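The structure appears below as structure tokens.
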Amino acid sequence: MYEVHYDKQKKGVHSMEGLKNIMEDDVEYQLKKLLPTMPEICSCEACRLDMATYALNRLKPNYVRTDTGALFHKLNTSSTQAKTEILTAVVTAINIIGSHPHHDENE
């Protein structure tokens, strides 16, 4: 069952604090692993965030609230298919954003 948090300061607005899209960690891990092997690709913070955004928008989100949920996610993404989907999204993001960074080459 869902636990609803009532924030009296916000007069009935429910807080989403504590939720985490755990796919962010998987995408960040792959970017940290792959970008150093691709010195021709810009890996500035802006490009890394663009790459992460691109990849995350193409992956199914997986929100967790507890360490147990995070562990369950790790078990679910340990399959070859899940790893391949994450890797494919990240490599595609690197190639697209790396080819068309949203800044001048001098930045």
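In the structure tokens, chains take letters A, B, ... by order of appearance, with residues numbered from 1 within each chain and ligands from 1 in the order shown.
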
* Asked: Hey, what's within 8 Å of segment 76-93 of chain A if we count only C-alpha atoms and toss same-chain stuff fewer than 3 positions away? As a VMD selection string, please?
  -> chain A and resid 26 to 27 30 to 31 51 to 52 54 to 56 58 to 59 72 to 73 96 to 98

With C-alpha atoms kept, could you save the residues just selected as an mmCIF file, in the first residue's frame?
data_model
loop_
_atom_site.group_PDB
_atom_site.id
_atom_site.type_symbol
_atom_site.label_atom_id
_atom_site.label_comp_id
_atom_site.auth_asym_id
_atom_site.auth_seq_id
_atom_site.Cartn_x
_atom_site.Cartn_y
_atom_site.Cartn_z
ATOM 1 C CA ASP A 26 22.599 2.908 -13.519
ATOM 2 C CA VAL A 27 22.905 5.576 -16.209
ATOM 3 C CA GLN A 30 27.582 3.614 -17.380
ATOM 4 C CA LEU A 31 28.511 7.201 -18.278
ATOM 5 C CA MET A 51 23.424 12.428 -22.061
ATOM 6 C CA ALA A 52 21.847 11.254 -18.807
ATOM 7 C CA TYR A 54 18.501 11.561 -23.113
ATOM 8 C CA ALA A 55 19.108 8.033 -21.817
ATOM 9 C CA LEU A 56 16.701 8.306 -18.871
ATOM 10 C CA ARG A 58 14.240 6.359 -23.137
ATOM 11 C CA LEU A 59 14.337 3.945 -20.200
ATOM 12 C CA PHE A 72 15.029 -5.473 -5.575
ATOM 13 C CA HIS A 73 15.875 -3.183 -8.514
ATOM 14 C CA ILE A 96 23.909 11.773 -30.248
ATOM 15 C CA ILE A 97 24.894 14.361 -27.648
ATOM 16 C CA GLY A 98 28.582 13.888 -28.452
#

* So which residues of segment 31-94 of chain A fall under alpha helix (DSSP H) by DSSP, listed as number ranges by chain? -> A: 31-34, 45-56, 67-76, 80-94

Selection from above, C-alpha atoms, as a PDB file, in the first residue's frame, can you write it?
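So result27.pdb came out as:
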ATOM      1  CA  LEU A  31      28.511   7.201 -18.278  1.00  0.00           C
ATOM      2  CA  LYS A  32      31.391   7.157 -15.768  1.00  0.00           C
ATOM      3  CA  LYS A  33      32.545   3.836 -17.176  1.00  0.00           C
ATOM      4  CA  LEU A  34      32.241   4.651 -20.891  1.00  0.00           C
ATOM      5  CA  GLU A  45      29.013  18.537 -16.890  1.00  0.00           C
ATOM      6  CA  ALA A  46      26.486  20.017 -19.333  1.00  0.00           C
ATOM      7  CA  CYS A  47      27.065  17.236 -21.884  1.00  0.00           C
ATOM      8  CA  ARG A  48      26.986  14.528 -19.188  1.00  0.00           C
ATOM      9  CA  LEU A  49      23.649  15.854 -17.924  1.00  0.00           C
ATOM     10  CA  ASP A  50      22.289  16.024 -21.483  1.00  0.00           C
ATOM     11  CA  MET A  51      23.424  12.428 -22.061  1.00  0.00           C
ATOM     12  CA  ALA A  52      21.847  11.254 -18.807  1.00  0.00           C
ATOM     13  CA  THR A  53      18.599  13.069 -19.633  1.00  0.00           C
ATOM     14  CA  TYR A  54      18.501  11.561 -23.113  1.00  0.00           C
ATOM     15  CA  ALA A  55      19.108   8.033 -21.817  1.00  0.00           C
ATOM     16  CA  LEU A  56      16.701   8.306 -18.871  1.00  0.00           C
ATOM     17  CA  ASP A  67      16.960   0.251   0.518  1.00  0.00           C
ATOM     18  CA  THR A  68      14.895  -2.917   0.032  1.00  0.00           C
ATOM     19  CA  GLY A  69      13.405  -1.398  -3.114  1.00  0.00           C
ATOM     20  CA  ALA A  70      16.884  -0.531  -4.374  1.00  0.00           C
ATOM     21  CA  LEU A  71      18.064  -4.085  -3.744  1.00  0.00           C
ATOM     22  CA  PHE A  72      15.029  -5.473  -5.575  1.00  0.00           C
ATOM     23  CA  HIS A  73      15.875  -3.183  -8.514  1.00  0.00           C
ATOM     24  CA  LYS A  74      19.464  -4.459  -8.599  1.00  0.00           C
ATOM     25  CA  LEU A  75      18.144  -8.017  -8.821  1.00  0.00           C
ATOM     26  CA  ASN A  76      15.742  -7.075 -11.612  1.00  0.00           C
ATOM     27  CA  THR A  80      21.394  -9.530 -19.626  1.00  0.00           C
ATOM     28  CA  GLN A  81      18.364  -7.912 -21.280  1.00  0.00           C
ATOM     29  CA  ALA A  82      18.076  -5.164 -18.652  1.00  0.00           C
ATOM     30  CA  LYS A  83      21.809  -4.427 -18.789  1.00  0.00           C
ATOM     31  CA  THR A  84      21.662  -4.306 -22.590  1.00  0.00           C
ATOM     32  CA  GLU A  85      18.734  -1.860 -22.560  1.00  0.00           C
ATOM     33  CA  ILE A  86      20.571   0.477 -20.185  1.00  0.00           C
ATOM     34  CA  LEU A  87      23.844   0.226 -22.108  1.00  0.00           C
ATOM     35  CA  THR A  88      22.092   0.798 -25.445  1.00  0.00           C
ATOM     36  CA  ALA A  89      20.326   3.919 -24.139  1.00  0.00           C
ATOM     37  CA  VAL A  90      23.580   5.320 -22.726  1.00  0.00           C
ATOM     38  CA  VAL A  91      25.672   4.583 -25.837  1.00  0.00           C
ATOM     39  CA  THR A  92      22.991   6.143 -28.043  1.00  0.00           C
ATOM     40  CA  ALA A  93      22.929   9.214 -25.786  1.00  0.00           C
ATOM     41  CA  ILE A  94      26.730   9.514 -25.919  1.00  0.00           C
TER      42      ILE A  94
END
